[in-house]
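**Q** Can you keep this structure in mind? I'll have questions shortly.
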Protein chains: 2
Amino acid sequence: MDCLDRLCVHTVTCQPWKLEEAVAHFAAAGVRGITTWREAVAGRDLAEARRLITDAGLTVVSHCRGGFFPAMEAAGRRKAIDENRTVIDEAAALGAPVVVLVCGATPGQPLETSRAQIAEGIAAVLPHAQAAGVRLAIEPLHPMYAGDRSAVNTLRQANEMCAQLDSPALGVALDVYHVWWEPGLEAEIRASGEAGTLLAFHVCDWLLPTEDLLLDRGLMGEGCIDIAQIRRWVEAAGFGGWIEVEIFSKRHWARDQAAFLAEIVRAYSDHV
Amino acid sequence: MDCLDRLCVHTVTCQPWKLEEAVAHFAAAGVRGITTWREAVAGRDLAEARRLITDAGLTVVSHCRGGFFPAMEAAGRRKAIDENRTVIDEAAALGAPVVVLVCGATPGQPLETSRAQIAEGIAAVLPHAQAAGVRLAIEPLHPMYAGDRSAVNTLRQANEMCAQLDSPALGVALDVYHVWWEPGLEAEIRASGEAGTLLAFHVCDWLLPTEDLLLDRGLMGEGCIDIAQIRRWVEAAGFGGWIEVEIFSKRHWARDQAAFLAEIVRAYSDHV
């Protein structure tokens with residue numbers, strides 16, 4: 001078994017587990033990092049959740065997710081900004097250095113309008129993030145989510161937005177699932193590394209066929225993404241942080257989660 | 001009812017109909033253009049199929065589809081080139097001025113390799129197309145098809161490939177379904193217009209939610225694409241050709257096709 005020092009598992013990957021189960025199983029399997037899904041800590045005392053995690057020897061790598069900035073009405077955009085401040089406070093309470101942003105898109109308004117509203121929304125919450133010591137990571141989402149989840153669909157766009165907003169508290173989260181197809185990906189990863197904005201690296205796989213747009217991601221090695229190649233590009237760009245396994249999968253969620261976790265650890269060694 | 005002079009319907013849009021039924025219904029509904037799916041004319045005498053279509057007052061707008069150039073082995077790539085020559089011959093026999101290319105992608109080899117093989121394959125068949133008086137249109141496919149259908153996923157890439165191969169017999173087919181999300185789409189459409197490579201314009205809609213990656217496209221107006229805006233960009237770029245309705249939809253195929261065709265004609269007037 002390869003070294004697991006940088007392996008992080010997202011709580012949503014083993015969604016059926018409560019936080020206590022996830023933490024105990026992750027620690028027992030040798031996983032050292034954990035990404036917290038907001039739903040996984042909802043309604044909890046976050047200081048206690050943080051103790052639960054750190055007492056097991058785990059590190060909170062990032063908190064998911066903020067974003068969803070666009071809205072037709074100004075009131076909706078203001079509400080989104082307030083909600084993002086709350087997400088940042090949650091991250092700070094959990095000790096998560098990064099909040100991942102799924103930026104949002106509003107059907108019925110042009111993508112360019114949504115993109116402008118995203119930039120405005122991020123600009124509005126950056127001071128709060130900086131004061132809290134939390135960085136925001138724009139996650140470009142696959143173009144199949146451009147309708148209602150994110151109008152930021154390429155690493156190139158995310159890099160451009162970072163350059164435009166130019167803040168030390170802003171960067172990108174790179175998920176192989178969303179950008180593996182992107183022309184010029186290697187150059188964009190290099191540019192992000194040079195700008196110092198590469199904040200997070202997520203892995204899973206693209207299945208052939210994909211049965212569901214949302215909940216049919218593959219375990220690393222089950223699909224067609226050359227994850228190891230993208231990891232080499234990311235590391236050549238200077239990234240040495242956690243490698244986060246984020247798998248939304250009805251199929252895997254229906255299985256015994258301990259067996260699934262063992263496969264994740266093996267797949268991380270074999271295919272990442 | 002608006003003028004239908006430029007409305008073309010793809011045979012696959014009303015897949016349950018045989019060619020005779022499609023031709024009769026299209027003509028009766030005032031549709032003047034038809035796109036031929038290879039399967040719709042398979043095993044037929046193509047000169048007779050052509051007469052059937054033109055006798056009904058319809059024009060063959062394009063023939064679908066060639067492409068699928070990449071393969072791991074050279075023999076597979078040679079076979080694809082032969083097959084594309086056959087598709088070109090079919091188009092010439094049908095009187096179709098354009099063959100649409102779904103370029104292909106081979107899981108297990110890098111997208112950059114597939115992209116290079118696509119350029120090589122197109123270059124190899126261009127002389128045959130030119131001799132036959134048929135133009136080839138690279139259709140960028142949505143990135144959700146990058147795994148096994150096309151490694152050309154943006155209009156920008158298609159434009160670059162046209163510039164690289166620089167042939168009067170080569171251009172692009174723009175389908176709103178595949179590129180509506182693309183950053184900088186307007187500029188890429190303008191560039192294609194300036195290069196004289198905008199050969200085809202396909203319309204349908206992106207549904208929210210989309211239930212199936214292949215067979216759940218929407219009728220114009222059912223989804224979130226601002227089709228009229230993209231049409232304005234296409235026309236500002238100098239395109240005045242046919243507007244082809246191409247809808248792969250299990251849901252619509254299960255309906256009465258005459259009722260569906262009537263809706264297509266209405267949706268064309270209202271949303272294109």
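Letters A, B, ... mark the chains of the structure tokens in the order given; residue numbers begin at 1 per chain; ligand numbers begin at 1, in order shown.
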Write out as a ChimeraX atom specification the set of residues from segment 51-261 of chain A that DSSP, computed on the backbone, places in strand (DSSP E).
**A** /A:59-67,98-102,135-138,170-175,198-203,243-245
**Q** Produce a table with one row for each residue of chain A that has an atom at most 10 Å from any atom of chain B, each row naming the nearest atom pair and its distance in Å at one decimal; use only C-alpha atoms; arrange rows by chain and rising residue number; format as CSV.
**A**
residue,atom,partner,partner_atom,distance
A:Thr106,CA,B:Cys224,CA,9.3
A:Pro107,CA,B:Cys224,CA,5.7
A:Gly108,CA,B:Cys224,CA,6.2
A:Gln109,CA,B:Asp226,CA,8.6
A:Pro110,CA,B:Asp226,CA,7.6
A:Leu111,CA,B:Trp181,CA,7.3
A:Glu112,CA,B:Pro183,CA,8.3
A:Arg115,CA,B:Pro183,CA,9.9
A:His142,CA,B:Pro143,CA,7.7
A:Pro143,CA,B:Trp181,CA,6.4
A:Met144,CA,B:Met144,CA,6.6
A:Tyr145,CA,B:Trp181,CA,9.3
A:Ala146,CA,B:Trp181,CA,6.2
A:Gly147,CA,B:Cys224,CA,6.5
A:Asp148,CA,B:Leu208,CA,7.7
A:Ala151,CA,B:Trp181,CA,7.7
A:Val152,CA,B:Pro183,CA,8.7
A:Asn153,CA,B:Trp181,CA,8.0
A:Thr154,CA,B:Pro183,CA,8.5
A:Arg156,CA,B:Pro183,CA,9.5
A:Gln157,CA,B:Pro183,CA,7.7
A:His178,CA,B:Pro143,CA,9.4
A:Val179,CA,B:Pro143,CA,9.1
A:Trp180,CA,B:Ala146,CA,9.1
A:Trp181,CA,B:Ala146,CA,6.2
A:Glu182,CA,B:Pro143,CA,8.0
A:Pro183,CA,B:Gln157,CA,7.7
A:Gly184,CA,B:Glu112,CA,9.4
A:Trp206,CA,B:Gly147,CA,7.8
A:Leu207,CA,B:Gly147,CA,8.3
A:Leu208,CA,B:Gly147,CA,7.0
A:Pro209,CA,B:Gly147,CA,8.7
A:Thr210,CA,B:Leu213,CA,7.4
A:Glu211,CA,B:Asp212,CA,6.8
A:Asp212,CA,B:Asp212,CA,6.6
A:Leu213,CA,B:Leu213,CA,7.2
A:Leu214,CA,B:Glu211,CA,9.7
A:Gly223,CA,B:Pro107,CA,8.7
A:Cys224,CA,B:Pro107,CA,5.7
A:Ile225,CA,B:Gly108,CA,8.1
A:Asp226,CA,B:Pro110,CA,7.5
A:Gln229,CA,B:Pro110,CA,9.5
**Q** Any idea what's packed within 9 Å of Ala195 of chain B, counting only C-alpha atoms, ignoring anything in its chain fewer than 6 positions away? Could you give it as a PyMOL selection string?
**A** chain B and resi 159+162-163+171
**Q** For the residues in that selection, give me C-alpha atoms as a short mmCIF file (atom, residue, chain, number, x, y, z; two decimals), in the first residue's frame.
**A**
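Writing done, so here's selection_28.cif:
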data_model
loop_
_atom_site.label_atom_id
_atom_site.label_comp_id
_atom_site.auth_asym_id
_atom_site.auth_seq_id
_atom_site.Cartn_x
_atom_site.Cartn_y
_atom_site.Cartn_z
CA ASN B 159 -12.44 26.46 -35.53
CA CYS B 162 -10.48 24.12 -39.60
CA ALA B 163 -7.69 26.71 -39.57
CA GLY B 171 -16.20 23.71 -41.92
#
**Q** Can you measure atom CA of Val134 of chain A to atom CA of Ala71 of chain A for me? One decimal in Å is fine.
**A**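 Between these atoms lies a distance of 24.7 Å.
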**Q** Neighbouring residues of Arg77 of chain A were defined as those with any atom within 12 Å, considering only C-alpha atoms; residues of the same chain fewer than 5 positions away were excluded. Please report them as a list in words.
**A**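 With the cut-off at 12 Å, the set is Gly67, Phe68, Phe69, Pro70, Ala71, Met72, Asp82, Glu83, Asn84, Cys103, Gly104, Ala105, Thr106, Ser114, Ala116, Gln117, Ile118, Ala119, Glu120, Gly121, Ile122, Ala124 and Val125 of chain A.
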**Q** Kindly save the residues from that selection, with all heavy atoms included, as a compact mmCIF listing (two decimals), in the first residue's frame.
**A**
# COMPACT_ATOMS: atom_id res chain seq x y z
N GLY A 67 -21.39 29.34 -2.56
CA GLY A 67 -21.65 29.67 -3.96
C GLY A 67 -23.09 30.00 -4.23
O GLY A 67 -23.74 30.67 -3.43
N PHE A 68 -23.60 29.55 -5.37
CA PHE A 68 -24.98 29.82 -5.83
C PHE A 68 -25.31 31.31 -5.72
O PHE A 68 -26.31 31.69 -5.13
CB PHE A 68 -25.96 28.94 -5.06
CG PHE A 68 -25.85 27.49 -5.44
CD1 PHE A 68 -25.11 26.59 -4.66
CD2 PHE A 68 -26.43 27.03 -6.62
CE1 PHE A 68 -24.97 25.26 -5.05
CE2 PHE A 68 -26.29 25.68 -7.00
CZ PHE A 68 -25.56 24.80 -6.22
N PHE A 69 -24.44 32.13 -6.29
CA PHE A 69 -24.58 33.58 -6.21
C PHE A 69 -25.65 34.18 -7.13
O PHE A 69 -26.29 35.15 -6.76
CB PHE A 69 -23.24 34.26 -6.48
CG PHE A 69 -22.20 33.99 -5.44
CD1 PHE A 69 -21.16 33.10 -5.67
CD2 PHE A 69 -22.27 34.64 -4.22
CE1 PHE A 69 -20.19 32.85 -4.70
CE2 PHE A 69 -21.30 34.40 -3.24
CZ PHE A 69 -20.27 33.50 -3.48
N PRO A 70 -25.86 33.65 -8.36
CA PRO A 70 -26.78 34.36 -9.27
C PRO A 70 -28.24 34.22 -8.85
O PRO A 70 -28.65 33.22 -8.26
CB PRO A 70 -26.56 33.66 -10.62
CG PRO A 70 -25.25 32.94 -10.50
CD PRO A 70 -25.16 32.55 -9.05
N ALA A 71 -28.98 35.25 -9.14
CA ALA A 71 -30.43 35.26 -8.95
C ALA A 71 -30.98 36.40 -9.79
O ALA A 71 -30.29 37.39 -10.02
CB ALA A 71 -30.79 35.44 -7.48
N MET A 72 -32.22 36.24 -10.24
CA MET A 72 -32.85 37.28 -11.06
C MET A 72 -32.99 38.58 -10.25
O MET A 72 -32.77 39.67 -10.76
CB MET A 72 -34.24 36.84 -11.50
CG MET A 72 -34.25 35.65 -12.43
SD MET A 72 -34.11 36.19 -14.16
CE MET A 72 -34.61 34.65 -14.98
N ASP A 82 -25.28 36.59 2.11
CA ASP A 82 -25.40 36.31 3.56
C ASP A 82 -25.12 34.84 3.85
O ASP A 82 -24.41 34.50 4.79
CB ASP A 82 -26.81 36.66 4.04
CG ASP A 82 -27.04 38.17 4.10
OD1 ASP A 82 -26.04 38.92 4.07
OD2 ASP A 82 -28.21 38.60 4.14
N GLU A 83 -25.69 33.97 3.02
CA GLU A 83 -25.51 32.53 3.22
C GLU A 83 -24.03 32.15 3.09
O GLU A 83 -23.52 31.32 3.84
CB GLU A 83 -26.35 31.77 2.19
CG GLU A 83 -26.39 30.27 2.35
CD GLU A 83 -27.15 29.82 3.59
OE1 GLU A 83 -27.89 30.64 4.17
OE2 GLU A 83 -26.98 28.64 3.98
N ASN A 84 -23.34 32.78 2.16
CA ASN A 84 -21.92 32.48 2.00
C ASN A 84 -21.09 32.95 3.19
O ASN A 84 -20.10 32.30 3.56
CB ASN A 84 -21.38 33.08 0.69
CG ASN A 84 -21.63 32.15 -0.49
OD1 ASN A 84 -20.83 31.25 -0.75
ND2 ASN A 84 -22.75 32.32 -1.18
N CYS A 103 -20.63 27.75 -8.06
CA CYS A 103 -20.93 29.18 -8.21
C CYS A 103 -22.38 29.52 -8.51
O CYS A 103 -22.84 30.61 -8.22
CB CYS A 103 -20.01 29.77 -9.26
SG CYS A 103 -18.28 29.83 -8.69
N GLY A 104 -23.12 28.57 -9.13
CA GLY A 104 -24.52 28.83 -9.42
C GLY A 104 -24.77 29.27 -10.85
O GLY A 104 -23.86 29.69 -11.57
N ALA A 105 -26.03 29.14 -11.27
CA ALA A 105 -26.50 29.59 -12.58
C ALA A 105 -28.01 29.67 -12.48
O ALA A 105 -28.63 28.82 -11.83
CB ALA A 105 -26.10 28.62 -13.68
N THR A 106 -28.57 30.68 -13.09
CA THR A 106 -30.02 30.87 -13.02
C THR A 106 -30.63 30.67 -14.39
O THR A 106 -30.36 31.44 -15.30
CB THR A 106 -30.35 32.29 -12.49
OG1 THR A 106 -29.80 32.42 -11.19
CG2 THR A 106 -31.85 32.51 -12.44
N SER A 114 -25.13 35.62 -15.29
CA SER A 114 -24.81 34.80 -14.11
C SER A 114 -23.33 34.91 -13.77
O SER A 114 -22.95 35.00 -12.59
CB SER A 114 -25.18 33.34 -14.36
OG SER A 114 -26.59 33.18 -14.38
N ALA A 116 -21.30 37.40 -14.31
CA ALA A 116 -21.02 38.71 -13.70
C ALA A 116 -21.51 38.72 -12.25
O ALA A 116 -20.84 39.24 -11.35
CB ALA A 116 -21.69 39.81 -14.51
N GLN A 117 -22.68 38.12 -12.00
CA GLN A 117 -23.23 38.08 -10.64
C GLN A 117 -22.36 37.22 -9.72
O GLN A 117 -22.23 37.49 -8.52
CB GLN A 117 -24.66 37.56 -10.66
CG GLN A 117 -25.64 38.55 -11.33
CD GLN A 117 -27.03 37.99 -11.50
OE1 GLN A 117 -27.27 36.80 -11.24
NE2 GLN A 117 -27.96 38.84 -11.93
N ILE A 118 -21.77 36.17 -10.28
CA ILE A 118 -20.85 35.33 -9.49
C ILE A 118 -19.64 36.15 -9.05
O ILE A 118 -19.25 36.14 -7.87
CB ILE A 118 -20.41 34.10 -10.31
CG1 ILE A 118 -21.59 33.13 -10.49
CG2 ILE A 118 -19.23 33.40 -9.65
CD1 ILE A 118 -21.38 32.08 -11.58
N ALA A 119 -19.07 36.88 -9.99
CA ALA A 119 -17.89 37.70 -9.64
C ALA A 119 -18.26 38.74 -8.58
O ALA A 119 -17.50 38.95 -7.62
CB ALA A 119 -17.34 38.37 -10.90
N GLU A 120 -19.43 39.35 -8.73
CA GLU A 120 -19.88 40.34 -7.73
C GLU A 120 -20.09 39.70 -6.36
O GLU A 120 -19.72 40.27 -5.33
CB GLU A 120 -21.20 40.98 -8.17
CG GLU A 120 -21.06 42.00 -9.29
CD GLU A 120 -22.40 42.32 -9.96
OE1 GLU A 120 -23.47 42.09 -9.34
OE2 GLU A 120 -22.38 42.79 -11.12
N GLY A 121 -20.69 38.52 -6.37
CA GLY A 121 -20.97 37.83 -5.11
C GLY A 121 -19.69 37.43 -4.39
O GLY A 121 -19.55 37.62 -3.18
N ILE A 122 -18.74 36.91 -5.15
CA ILE A 122 -17.47 36.52 -4.53
C ILE A 122 -16.76 37.75 -3.98
O ILE A 122 -16.25 37.75 -2.85
CB ILE A 122 -16.57 35.78 -5.55
CG1 ILE A 122 -17.21 34.43 -5.92
CG2 ILE A 122 -15.18 35.56 -4.98
CD1 ILE A 122 -16.49 33.68 -7.04
N ALA A 124 -18.04 40.37 -2.90
CA ALA A 124 -18.72 40.85 -1.69
C ALA A 124 -18.36 40.06 -0.44
O ALA A 124 -18.38 40.60 0.67
CB ALA A 124 -20.24 40.81 -1.92
N VAL A 125 -18.04 38.76 -0.60
CA VAL A 125 -17.76 37.95 0.60
C VAL A 125 -16.27 37.77 0.87
O VAL A 125 -15.88 37.28 1.94
CB VAL A 125 -18.44 36.56 0.53
CG1 VAL A 125 -19.96 36.74 0.50
CG2 VAL A 125 -17.97 35.73 -0.64
**Q** Near Ala254 of chain A, counting only C-alpha atoms, which residues have an atom at most 10 Å away, once you skip same-chain residues fewer than 5 positions from it, shown as a list in words?
**A**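 Listed by chain and then number, they are Cys14, Gln15, Pro16, Ser249 and Phe260 of chain A.
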**Q** What is the distance, in Å and to one decimal place, between atom CA of Met220 of chain B and atom CA of Phe201 of chain B?
**A**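 Between atom CA of Met220 of chain B and atom CA of Phe201 of chain B the gap is 13.6 Å.
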**Q** I want to know what sits within 6 Å of segment 54-62 of chain A, based on only C-alpha atoms, with residues of the same chain fewer than 6 positions away left out; could you give that as a list in words?
**A**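 So, after excluding close chain neighbours, the residues are Arg32, Gly33, Ile34, Thr35, Ala96, Val98 and Val99 of chain A.
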**Q** Selection from above, C-alpha atoms, as a PDB file, in the first residue's frame, can you write it?
**A**
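As a result, part06.pdb now contains:
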ATOM      1  CA  ARG A  32      -5.923  11.395   7.418  1.00  0.00           C
ATOM      2  CA  GLY A  33      -7.986  14.137   5.784  1.00  0.00           C
ATOM      3  CA  ILE A  34     -11.729  14.797   5.693  1.00  0.00           C
ATOM      4  CA  THR A  35     -13.855  17.177   3.651  1.00  0.00           C
ATOM      5  CA  ALA A  96     -11.322  24.199   7.411  1.00  0.00           C
ATOM      6  CA  VAL A  98     -10.936  26.362   2.317  1.00  0.00           C
ATOM      7  CA  VAL A  99     -14.568  26.766   1.275  1.00  0.00           C
TER       8      VAL A  99
END
**Q** State, in Å with one decimal place, the distance from atom CA of Ile227 of chain A to atom CA of Ala27 of chain A.
**A**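 Between these atoms lies a distance of 24.5 Å.
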**Q** Using only C-alpha atoms, which residues sit within 9 Å of Lys250 of chain B once same-chain residues fewer than 6 positions away are excluded, as a PDB file with C-alpha atoms, in the first residue's frame?
**A**
ATOM      1  CA  LEU B 215     -31.836  10.623 -25.522  1.00  0.00           C
ATOM      2  CA  ASP B 216     -33.373  13.435 -23.502  1.00  0.00           C
ATOM      3  CA  ARG B 217     -33.036  16.553 -25.616  1.00  0.00           C
TER       4      ARG B 217
END
**Q** Write out as number ranges by chain the set of residues from segment 2-213 of chain B that DSSP, computed on the backbone, places in alpha helix (DSSP H).
**A** B: 19-28, 38-41, 46-55, 74-94, 111-132, 155-165, 176-179, 185-195
